[in-house]
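Asker: If it helps, the file is called run_2.pdb and holds PDB, C-alpha atoms:
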```
MODEL        1
ATOM      1  CA  MET X  21     156.620  64.153-191.722
ATOM      2  CA  LYS X  22     160.191  63.552-192.809
ATOM      3  CA  LEU X  23     160.686  59.928-193.866
ATOM      4  CA  LEU X  24     163.832  57.949-194.747
ATOM      5  CA  PHE X  25     163.204  55.364-197.480
ATOM      6  CA  LEU X  26     165.818  52.616-197.914
ATOM      7  CA  ALA X  27     165.911  50.339-200.965
ATOM      8  CA  CYS X  28     168.285  48.590-203.369
ATOM      9  CA  LEU X  29     168.761  51.255-206.015
ATOM     10  CA  SER X  30     170.882  49.582-208.689
ATOM     11  CA  PRO X  31     170.044  51.573-211.845
ATOM     12  CA  SER X  32     167.443  50.213-214.253
ATOM     13  CA  THR X  33     166.124  47.521-211.919
ATOM     14  CA  GLY X  34     162.584  46.778-210.831
ATOM     15  CA  ASN X  35     163.436  47.687-207.236
ATOM     16  CA  CYS X  36     164.704  51.098-208.301
ATOM     17  CA  THR X  37     161.608  51.776-210.400
ATOM     18  CA  THR X  38     159.246  50.666-207.627
ATOM     19  CA  ALA X  39     161.037  52.735-204.977
ATOM     20  CA  ALA X  40     160.958  55.876-207.126
ATOM     21  CA  ARG X  41     157.236  55.445-207.757
ATOM     22  CA  ILE X  42     156.405  54.943-204.051
ATOM     23  CA  ARG X  43     158.581  57.902-203.069
ATOM     24  CA  GLU X  44     156.572  60.088-205.421
ATOM     25  CA  TYR X  45     153.319  58.933-203.803
ATOM     26  CA  ILE X  46     154.612  59.860-200.343
ATOM     27  CA  GLN X  47     155.828  63.265-201.533
ATOM     28  CA  ASP X  48     152.449  63.914-203.172
ATOM     29  CA  SER X  49     150.747  63.501-199.794
ATOM     30  CA  GLY X  50     152.768  66.423-198.435
ATOM     31  CA  HIS X  51     155.571  64.560-196.667
ATOM     32  CA  ILE X  52     159.327  64.770-197.240
ATOM     33  CA  CYS X  53     160.654  61.417-198.447
ATOM     34  CA  VAL X  54     164.418  60.914-198.837
ATOM     35  CA  LEU X  55     165.308  57.828-200.877
ATOM     36  CA  ARG X  56     168.688  56.225-200.139
ATOM     37  CA  ASP X  57     170.461  53.123-201.438
ATOM     38  CA  VAL X  58     171.041  50.376-198.860
ATOM     39  CA  ALA X  59     174.500  49.966-200.403
ATOM     40  CA  ASP X  60     175.449  53.365-198.918
ATOM     41  CA  PHE X  61     175.384  51.930-195.406
ATOM     42  CA  LYS X  62     177.558  49.290-193.754
ATOM     43  CA  SER X  63     175.659  49.067-190.476
ATOM     44  CA  SER X  64     172.420  49.934-188.721
ATOM     45  CA  SER X  65     174.341  52.350-186.455
ATOM     46  CA  GLN X  66     175.202  54.469-189.507
ATOM     47  CA  VAL X  67     171.519  54.733-190.350
ATOM     48  CA  SER X  68     170.635  55.577-186.746
ATOM     49  CA  GLU X  69     173.185  58.396-186.797
ATOM     50  CA  LEU X  70     171.735  59.706-190.071
ATOM     51  CA  ILE X  71     168.198  59.595-188.663
ATOM     52  CA  SER X  72     169.276  61.531-185.593
ATOM     53  CA  LYS X  73     171.337  64.067-187.525
ATOM     54  CA  GLU X  74     168.734  64.743-190.240
ATOM     55  CA  LYS X  75     165.788  64.511-187.811
ATOM     56  CA  PHE X  76     163.851  61.835-189.693
ATOM     57  CA  GLU X  77     160.532  60.995-188.064
ATOM     58  CA  ALA X  78     159.780  57.671-189.766
ATOM     59  CA  GLY X  79     161.247  55.055-192.075
ATOM     60  CA  LEU X  80     160.310  52.729-194.924
ATOM     61  CA  VAL X  81     162.290  49.868-196.464
ATOM     62  CA  ILE X  82     162.044  47.503-199.394
ATOM     63  CA  HIS X  83     163.445  44.029-198.581
ATOM     64  CA  LEU X  84     163.270  42.699-195.045
ATOM     65  CA  TYR X  85     166.924  41.730-194.842
ATOM     66  CA  LYS X  86     168.846  44.184-197.016
ATOM     67  CA  GLY X  87     166.789  47.168-195.924
ATOM     68  CA  GLY X  88     165.066  46.116-192.724
ATOM     69  CA  ARG X  89     168.214  45.197-190.782
ATOM     70  CA  LEU X  90     169.436  48.778-191.174
ATOM     71  CA  LEU X  91     166.512  50.133-189.131
ATOM     72  CA  LEU X  92     166.700  47.687-186.228
ATOM     73  CA  GLU X  93     168.682  50.104-184.038
ATOM     74  CA  SER X  94     166.505  53.060-184.924
ATOM     75  CA  SER X  95     163.897  54.549-182.600
ATOM     76  CA  VAL X  96     161.610  55.871-185.368
ATOM     77  CA  PRO X  97     158.511  53.923-186.486
ATOM     78  CA  PHE X  98     158.854  52.239-189.864
ATOM     79  CA  GLY X  99     157.114  50.055-192.413
ATOM     80  CA  ALA X 100     158.615  47.316-194.588
ATOM     81  CA  ILE X 101     157.834  46.103-198.098
ATOM     82  CA  PHE X 102     158.704  42.520-199.026
ATOM     83  CA  GLY X 103     161.169  42.469-201.896
ATOM     84  CA  GLY X 104     160.644  38.905-203.114
ATOM     85  CA  THR X 105     164.075  37.365-202.632
ATOM     86  CA  ASP X 106     163.811  38.029-198.895
ATOM     87  CA  ILE X 107     160.728  35.807-198.611
ATOM     88  CA  ASN X 108     161.588  33.322-201.370
ATOM     89  CA  GLU X 109     165.348  32.900-200.844
ATOM     90  CA  ASP X 110     166.796  34.626-197.745
ATOM     91  CA  ILE X 111     164.251  32.935-195.520
ATOM     92  CA  LYS X 112     166.172  29.664-196.090
ATOM     93  CA  ASP X 113     169.237  31.150-194.387
ATOM     94  CA  GLU X 114     168.936  30.762-190.598
ATOM     95  CA  LYS X 115     170.937  33.885-189.793
ATOM     96  CA  LYS X 116     169.034  36.093-192.243
ATOM     97  CA  SER X 117     165.712  34.623-191.176
ATOM     98  CA  LYS X 118     166.425  35.555-187.562
ATOM     99  CA  VAL X 119     167.178  39.155-188.565
ATOM    100  CA  MET X 120     164.022  39.349-190.680
ATOM    101  CA  ARG X 121     161.941  38.056-187.767
ATOM    102  CA  ALA X 122     163.219  40.964-185.674
ATOM    103  CA  VAL X 123     162.299  43.382-188.486
ATOM    104  CA  LEU X 124     158.786  41.943-188.685
ATOM    105  CA  GLN X 125     158.346  42.323-184.926
ATOM    106  CA  LYS X 126     159.388  45.961-184.963
ATOM    107  CA  ALA X 127     157.696  47.134-188.191
ATOM    108  CA  ARG X 128     154.389  49.008-187.876
ATOM    109  CA  PHE X 129     153.134  47.611-191.187
ATOM    110  CA  LEU X 130     154.250  45.164-193.885
ATOM    111  CA  VAL X 131     153.410  45.066-197.579
ATOM    112  CA  ALA X 132     153.427  42.000-199.831
ATOM    113  CA  PHE X 133     153.039  42.324-203.593
ATOM    114  CA  THR X 134     151.128  39.027-203.859
ATOM    115  CA  ASP X 135     148.910  36.718-201.814
ATOM    116  CA  GLN X 136     151.545  34.007-202.233
ATOM    117  CA  LEU X 137     154.262  36.145-200.618
ATOM    118  CA  LYS X 138     151.932  36.860-197.713
ATOM    119  CA  LYS X 139     151.130  33.162-197.261
ATOM    120  CA  THR X 140     154.821  32.228-197.322
ATOM    121  CA  ALA X 141     155.621  34.863-194.702
ATOM    122  CA  GLU X 142     152.729  33.678-192.530
ATOM    123  CA  LEU X 143     154.001  30.101-192.613
ATOM    124  CA  HIS X 144     157.205  31.253-190.941
ATOM    125  CA  TRP X 145     155.966  34.213-188.897
ATOM    126  CA  GLN X 146     152.284  33.754-188.067
ATOM    127  CA  PHE X 147     152.507  36.520-185.444
ATOM    128  CA  ALA X 148     152.958  39.095-188.207
ATOM    129  CA  SER X 149     149.853  38.123-190.191
ATOM    130  CA  SER X 150     147.698  41.047-189.066
ATOM    131  CA  LYS X 151     150.378  43.542-190.148
ATOM    132  CA  ILE X 152     150.662  42.286-193.738
ATOM    133  CA  HIS X 153     148.800  44.207-196.434
ATOM    134  CA  VAL X 154     148.663  42.802-199.972
ATOM    135  CA  GLN X 155     149.193  45.554-202.541
ATOM    136  CA  PRO X 156     150.072  44.508-206.096
ATOM    137  CA  GLN X 157     152.597  46.722-207.820
ATOM    138  CA  GLY X 158     151.196  49.486-209.952
ATOM    139  CA  VAL X 159     152.427  49.835-213.503
ATOM    140  CA  VAL X 160     153.278  52.975-215.470
ATOM    141  CA  THR X 161     154.887  52.918-218.922
ATOM    142  CA  ASN X 162     156.230  55.794-220.984
ATOM    143  CA  PRO X 163     157.959  54.683-224.218
ATOM    144  CA  CYS X 164     160.442  57.131-225.743
ATOM    145  CA  GLU X 165     158.922  58.606-228.905
ATOM    146  CA  LYS X 166     162.333  59.201-230.505
ATOM    147  CA  PHE X 167     163.484  55.601-230.048
ATOM    148  CA  ASN X 168     164.800  54.042-233.280
ATOM    149  CA  TRP X 169     164.296  50.256-233.388
ATOM    150  CA  ARG X 170     166.591  49.719-236.372
ATOM    151  CA  GLU X 171     169.444  51.587-234.710
ATOM    152  CA  PHE X 172     168.804  49.645-231.510
ATOM    153  CA  LEU X 173     169.128  46.334-233.352
ATOM    154  CA  GLN X 174     172.308  47.451-235.083
ATOM    155  CA  SER X 175     173.824  48.557-231.774
ATOM    156  CA  SER X 176     172.955  45.122-230.398
ATOM    157  CA  GLY X 177     174.858  43.463-233.238
ATOM    158  CA  ILE X 178     171.841  42.453-235.345
ATOM    159  CA  ARG X 179     172.266  43.733-238.900
ATOM    160  CA  LYS X 180     169.865  41.574-240.881
ATOM    161  CA  GLU X 181     168.002  43.351-243.658
ATOM    162  CA  ASN X 182     164.912  42.493-245.702
ATOM    163  CA  ILE X 183     163.647  39.657-243.503
ATOM    164  CA  ASP X 184     161.077  39.651-240.719
ATOM    165  CA  LEU X 185     162.827  39.305-237.388
ATOM    166  CA  TYR X 186     161.403  37.906-234.178
ATOM    167  CA  VAL X 187     163.254  39.574-231.333
ATOM    168  CA  PHE X 188     162.718  38.330-227.782
ATOM    169  CA  LEU X 189     163.801  40.610-224.919
ATOM    170  CA  LEU X 190     164.932  39.258-221.564
ATOM    171  CA  VAL X 191     165.002  42.202-219.152
ATOM    172  CA  CYS X 192     166.870  41.550-215.903
ATOM    173  CA  GLY X 193     169.762  42.572-213.705
ATOM    174  CA  LEU X 194     172.686  40.198-214.146
ATOM    175  CA  ARG X 195     172.610  38.108-210.990
ATOM    176  CA  GLU X 196     172.097  34.406-210.327
ATOM    177  CA  VAL X 197     168.487  34.540-209.150
ATOM    178  CA  LYS X 198     167.459  35.993-212.546
ATOM    179  CA  ASP X 199     169.113  33.024-214.351
ATOM    180  CA  PRO X 200     169.721  34.868-217.642
ATOM    181  CA  LEU X 201     171.635  31.897-219.100
ATOM    182  CA  TYR X 202     168.713  29.484-218.654
ATOM    183  CA  LEU X 203     167.592  29.752-222.287
ATOM    184  CA  VAL X 204     170.862  30.672-224.010
ATOM    185  CA  ASP X 205     171.888  27.192-225.242
ATOM    186  CA  ILE X 206     168.509  26.204-226.615
ATOM    187  CA  PHE X 207     167.914  29.633-228.139
ATOM    188  CA  SER X 208     171.272  29.438-229.891
ATOM    189  CA  GLU X 209     170.326  26.036-231.316
ATOM    190  CA  TRP X 210     166.946  27.395-232.416
ATOM    191  CA  HIS X 211     168.598  30.384-234.113
ATOM    192  CA  LYS X 212     170.838  28.076-236.170
ATOM    193  CA  LYS X 213     167.726  26.412-237.586
ATOM    194  CA  GLU X 214     165.623  29.569-237.846
ATOM    195  CA  PRO X 215     168.003  32.550-238.210
ATOM    196  CA  TRP X 216     165.229  35.133-237.931
ATOM    197  CA  VAL X 217     164.808  34.592-234.164
ATOM    198  CA  TYR X 218     166.980  36.544-231.717
ATOM    199  CA  LEU X 219     167.277  36.899-227.972
ATOM    200  CA  ILE X 220     168.530  40.187-226.484
ATOM    201  CA  ILE X 221     169.313  40.282-222.769
ATOM    202  CA  ILE X 222     169.162  43.781-221.297
ATOM    203  CA  GLY X 223     170.136  44.771-217.791
ATOM    204  CA  PRO X 224     172.707  46.171-215.375
ATOM    205  CA  LYS X 225     175.614  44.179-213.921
ATOM    206  CA  ILE X 226     174.302  43.674-210.390
ATOM    207  CA  ASP X 227     176.818  40.900-209.627
ATOM    208  CA  PRO X 228     180.059  41.716-211.508
ATOM    209  CA  MET X 229     181.545  38.205-211.273
ATOM    210  CA  PHE X 230     178.350  36.558-212.463
ATOM    211  CA  ALA X 231     177.950  39.208-215.182
ATOM    212  CA  GLN X 232     181.371  38.225-216.547
ATOM    213  CA  LEU X 233     180.232  34.596-216.800
ATOM    214  CA  VAL X 234     177.157  35.752-218.701
ATOM    215  CA  GLU X 235     179.243  37.862-221.089
ATOM    216  CA  ASP X 236     181.673  35.025-221.770
ATOM    217  CA  LYS X 237     178.849  32.563-222.458
ATOM    218  CA  ILE X 238     176.972  34.891-224.799
ATOM    219  CA  LYS X 239     180.108  35.657-226.815
ATOM    220  CA  ARG X 240     180.195  31.959-227.718
ATOM    221  CA  SER X 241     176.492  31.779-228.573
ATOM    222  CA  CYS X 242     174.838  32.709-231.853
ATOM    223  CA  GLY X 243     171.550  34.575-232.015
ATOM    224  CA  VAL X 244     171.910  35.853-228.443
ATOM    225  CA  TYR X 245     173.114  39.356-227.545
ATOM    226  CA  LEU X 246     173.778  41.242-224.324
ATOM    227  CA  LEU X 247     173.176  44.957-223.771
ATOM    228  CA  SER X 248     173.739  47.138-220.745
ATOM    229  CA  GLU X 249     170.764  48.933-219.226
ATOM    230  CA  LEU X 250     168.708  51.526-221.098
ATOM    231  CA  SER X 251     166.790  54.454-219.668
ATOM    232  CA  GLN X 252     163.282  53.493-218.550
ATOM    233  CA  GLU X 253     161.712  55.284-221.530
ATOM    234  CA  GLU X 254     164.086  53.625-224.028
ATOM    235  CA  LEU X 255     163.531  50.229-222.445
ATOM    236  CA  HIS X 256     159.767  50.599-222.738
ATOM    237  CA  ALA X 257     160.157  51.570-226.393
ATOM    238  CA  ALA X 258     162.391  48.549-227.052
ATOM    239  CA  MET X 259     159.877  46.280-225.333
ATOM    240  CA  LYS X 260     157.056  47.735-227.392
ATOM    241  CA  ASP X 261     158.925  47.057-230.654
ATOM    242  CA  SER X 262     160.030  43.535-229.715
ATOM    243  CA  PHE X 263     158.095  40.375-230.539
ATOM    244  CA  ALA X 264     157.889  39.189-226.925
ATOM    245  CA  VAL X 265     159.302  39.782-223.453
ATOM    246  CA  VAL X 266     160.855  36.848-221.590
ATOM    247  CA  ASN X 267     161.360  36.105-217.894
ATOM    248  CA  SER X 268     163.560  33.149-216.875
ATOM    249  CA  SER X 269     164.063  33.896-213.175
ATOM    250  CA  ILE X 270     164.493  31.221-210.534
ATOM    251  CA  SER X 271     162.533  33.390-208.107
ATOM    252  CA  GLU X 272     160.422  36.559-208.379
ATOM    253  CA  GLY X 273     158.461  38.723-205.989
ATOM    254  CA  MET X 274     156.590  40.557-208.728
ATOM    255  CA  SER X 275     158.343  41.275-212.014
ATOM    256  CA  SER X 276     158.088  44.897-213.121
ATOM    257  CA  ALA X 277     159.199  43.916-216.636
ATOM    258  CA  ILE X 278     156.301  41.480-216.998
ATOM    259  CA  LEU X 279     153.780  44.095-215.865
ATOM    260  CA  GLU X 280     155.278  46.728-218.161
ATOM    261  CA  ALA X 281     155.163  44.357-221.152
ATOM    262  CA  MET X 282     151.513  43.605-220.435
ATOM    263  CA  ASP X 283     150.738  47.312-220.211
ATOM    264  CA  LEU X 284     152.515  47.875-223.554
ATOM    265  CA  LYS X 285     150.522  45.015-225.154
ATOM    266  CA  VAL X 286     153.621  42.872-225.738
ATOM    267  CA  PRO X 287     153.230  39.091-225.211
ATOM    268  CA  VAL X 288     155.064  37.554-222.257
ATOM    269  CA  LEU X 289     156.737  34.156-221.971
ATOM    270  CA  ALA X 290     157.743  33.467-218.371
ATOM    271  CA  ARG X 291     159.268  30.664-216.374
ATOM    272  CA  ASN X 292     156.672  28.709-214.429
ATOM    273  CA  ILE X 293     157.512  29.835-210.880
ATOM    274  CA  PRO X 294     155.181  31.018-208.080
ATOM    275  CA  GLY X 295     155.859  34.744-208.524
ATOM    276  CA  ASN X 296     155.178  34.606-212.253
ATOM    277  CA  LYS X 297     152.073  32.449-211.849
ATOM    278  CA  GLU X 298     150.624  35.199-209.665
ATOM    279  CA  LEU X 299     150.693  37.480-212.728
ATOM    280  CA  ILE X 300     150.192  35.142-215.649
ATOM    281  CA  ARG X 301     147.290  32.840-216.367
ATOM    282  CA  HIS X 302     148.681  30.412-218.942
ATOM    283  CA  GLU X 303     147.296  30.936-222.452
ATOM    284  CA  HIS X 304     145.107  33.768-221.134
ATOM    285  CA  THR X 305     147.423  36.639-220.161
ATOM    286  CA  GLY X 306     150.734  35.062-221.201
ATOM    287  CA  LEU X 307     152.589  31.791-221.643
ATOM    288  CA  LEU X 308     154.376  29.830-218.884
ATOM    289  CA  PHE X 309     157.200  27.398-219.627
ATOM    290  CA  SER X 310     158.692  24.797-217.293
ATOM    291  CA  ASN X 311     161.860  23.998-219.254
ATOM    292  CA  PRO X 312     163.868  25.427-222.176
ATOM    293  CA  GLN X 313     162.345  23.011-224.686
ATOM    294  CA  GLU X 314     158.841  24.139-223.767
ATOM    295  CA  PHE X 315     159.945  27.772-224.162
ATOM    296  CA  VAL X 316     160.852  27.123-227.826
ATOM    297  CA  GLU X 317     157.619  25.198-228.444
ATOM    298  CA  LEU X 318     155.509  28.014-227.012
ATOM    299  CA  SER X 319     157.523  30.683-228.851
ATOM    300  CA  ARG X 320     156.935  28.905-232.168
ATOM    301  CA  LEU X 321     153.240  28.661-231.346
ATOM    302  CA  LEU X 322     153.159  32.407-230.672
ATOM    303  CA  ILE X 323     154.932  33.168-233.965
ATOM    304  CA  ASN X 324     152.539  31.013-235.994
ATOM    305  CA  ASP X 325     149.278  31.852-234.246
ATOM    306  CA  THR X 326     148.598  35.573-234.612
ATOM    307  CA  ALA X 327     145.103  35.176-233.148
ATOM    308  CA  LEU X 328     146.609  33.747-229.945
ATOM    309  CA  LYS X 329     149.094  36.594-229.748
ATOM    310  CA  GLU X 330     146.385  39.221-230.127
ATOM    311  CA  ARG X 331     144.164  37.539-227.566
ATOM    312  CA  LEU X 332     146.973  37.323-225.021
ATOM    313  CA  VAL X 333     147.971  40.980-225.237
ATOM    314  CA  VAL X 334     144.399  42.269-225.067
ATOM    315  CA  GLN X 335     143.584  40.131-222.032
ATOM    316  CA  ALA X 336     146.903  41.004-220.346
ATOM    317  CA  LYS X 337     146.250  44.729-220.866
ATOM    318  CA  ASP X 338     142.808  44.352-219.303
ATOM    319  CA  TYR X 339     144.354  42.485-216.381
ATOM    320  CA  VAL X 340     146.955  45.149-215.510
ATOM    321  CA  GLN X 341     144.405  47.927-215.800
ATOM    322  CA  GLU X 342     142.089  46.129-213.379
ATOM    323  CA  SER X 343     144.604  44.640-210.922
ATOM    324  CA  HIS X 344     147.711  46.848-211.069
ATOM    325  CA  SER X 345     146.371  50.369-210.974
ATOM    326  CA  TRP X 346     148.946  52.922-209.864
ATOM    327  CA  LYS X 347     146.102  54.929-208.352
ATOM    328  CA  ALA X 348     145.180  52.089-205.966
ATOM    329  CA  GLU X 349     148.862  51.602-205.142
ATOM    330  CA  LYS X 350     149.235  55.317-204.400
ATOM    331  CA  GLU X 351     146.233  55.319-202.075
ATOM    332  CA  THR X 352     147.579  52.333-200.107
ATOM    333  CA  TYR X 353     151.057  53.763-199.513
ATOM    334  CA  GLN X 354     149.790  57.217-198.655
ATOM    335  CA  LYS X 355     147.419  55.731-196.067
ATOM    336  CA  LEU X 356     150.041  53.389-194.558
ATOM    337  CA  THR X 357     152.829  55.958-194.322
ATOM    338  CA  THR X 358     150.542  58.614-192.853
ATOM    339  CA  GLY X 359     149.707  56.041-190.160
ATOM    340  CA  LEU X 360     153.361  56.111-189.038
ATOM    341  CA  LEU X 361     152.857  59.550-187.479
TER
ENDMDL
END
```
Starting from the coordinates I provided, produce the structure as structure tokens.
Answerer:
Amino acid sequence: MKLLFLACLSPSTGNCTTAARIREYIQDSGHICVLRDVADFKSSSQVSELISKEKFEAGLVIHLYKGGRLLLESSVPFGAIFGGTDINEDIKDEKKSKVMRAVLQKARFLVAFTDQLKKTAELHWQFASSKIHVQPQGVVTNPCEKFNWREFLQSSGIRKENIDLYVFLLVCGLREVKDPLYLVDIFSEWHKKEPWVYLIIIGPKIDPMFAQLVEDKIKRSCGVYLLSELSQEELHAAMKDSFAVVNSSISEGMSSAILEAMDLKVPVLARNIPGNKELIRHEHTGLLFSNPQEFVELSRLLINDTALKERLVVQAKDYVQESHSWKAEKETYQKLTTGLL
């Protein structure tokens, strides 16, 4: 089978990582899977022409609106994977919701990363319930062995010597839904009192105008630094060497960065939102904060309580090994895509 796979492929994002992993699963089952960025197409007619010209026999998309709408004019069978923002945010837009309903009606199968995403979809589109399969994201980490933490800090702008540093990494694409500025003010205030704590925000400029706002804000803030994206291996190495990984998103489907941190045995502090609560059991596999002040309180607790830190990372590692196996993920996608024939 020759399959066209459409996804948002901004470099160094969770979507890009997930799409590449699923593509590999499909290829391993003996099919041809061509991965294309939704940004390459302006209309569904362009995709239909490509399908006809290249003789694709099936399709797969991540994100019901951004990807799914591009297959609505196609005659080939396809499956759709919920992206997160489609179910959590785009569903509130009447026009987008109407398009996504049409995608759900036409799709052969649907995949949700979490039970919560499935329940939310069912509330709006009960007719699609029997098509929705819940498959948590698998996690694979591969830290770069040649990564130099000291050089990384210096390139970030941190040149402190002879003191123990506590570096928090916020890994996200620069766009509003990730809310990278949520903790900047309070972290800057905390750094003034305790100059050994730092926040480094790492990620690509998904929304250029918003990214400029982020850059301007961080330039005026002490103890907070902004870096462009790293390779996946370098990012994993940086996460492994950091004190903790942070997530401050307004909305999440399932955060790859959180799963990767857990797999690397790095503690996670995440905003208390539905998508994050699906992954993190507070004070068991990570720490959840509901406001910036609570983030600082929990971060201080983590710094001062080494037993808590060790317990969290061990339990989080056990959790991802049990619930986010890439082998189980591979089996699910191979079975579903083969069913498109």
Asker: Could you check how far CA of Asp227 (chain X) sits from CA of Glu114 (chain X), in Å to one decimal?
Answerer: 23.0 Å
Asker: Which residue out of X:Ile82, X:Leu328, X:Ala141, X:Leu185 has the minimum interatomic distance to Thr37 (chain X) when all atoms listed in the file are used?
Answerer: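 Ranked by minimum distance to Thr37 (chain X), first place goes to X:Ile82.
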Asker: Going by the chain IDs and residue numbers used in this file, which residues fall under the PyMOL selection byres ((chain X and resi 349) around 9)? Write them as a list in words.
Answerer: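 Evaluating the PyMOL selection byres ((chain X and resi 349) around 9) on these coordinates yields Ile42, Tyr45, Gln155, Pro156, Gln157, Gly158, His344, Ser345, Trp346, Lys347, Ala348, Lys350, Glu351, Thr352, Tyr353 and Gln354 of chain X.
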Asker: I need the residues from that last selection saved to file as a tab-separated table (two decimals), keeping the file's coordinate frame (with C-alpha atoms), if you can.
Answerer:
```
chain	number	residue	atom	x	y	z
X	42	ILE	CA	156.40	54.94	-204.05
X	45	TYR	CA	153.32	58.93	-203.80
X	155	GLN	CA	149.19	45.55	-202.54
X	156	PRO	CA	150.07	44.51	-206.10
X	157	GLN	CA	152.60	46.72	-207.82
X	158	GLY	CA	151.20	49.49	-209.95
X	344	HIS	CA	147.71	46.85	-211.07
X	345	SER	CA	146.37	50.37	-210.97
X	346	TRP	CA	148.95	52.92	-209.86
X	347	LYS	CA	146.10	54.93	-208.35
X	348	ALA	CA	145.18	52.09	-205.97
X	350	LYS	CA	149.24	55.32	-204.40
X	351	GLU	CA	146.23	55.32	-202.08
X	352	THR	CA	147.58	52.33	-200.11
X	353	TYR	CA	151.06	53.76	-199.51
X	354	GLN	CA	149.79	57.22	-198.66
```
Asker: Which residues come within 12 Å of Gly193 (chain X), counting only C-alpha atoms, excluding same-chain residues fewer than 5 positions away, as a PyMOL selection string?
Answerer: chain X and resi 29-36+198-200+221-228+230-231+234+246-250+267-269+275-277
Asker: Rounded to one decimal in Å, what is the spacing between CA of Glu109 (chain X) and CA of Leu80 (chain X)?
Answerer: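 So the answer is 21.3 Å.
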Asker: For the provided coordinates, the residues matched by the PyMOL selection byres ((chain X and resi 252-256) around 10) should be stated as JSON, numbers by chain.
Answerer: {"X": [31, 32, 33, 37, 161, 162, 163, 164, 165, 166, 167, 168, 169, 172, 189, 191, 222, 223, 249, 250, 251, 257, 258, 259, 260, 261, 262, 277, 280, 281, 283, 284]}
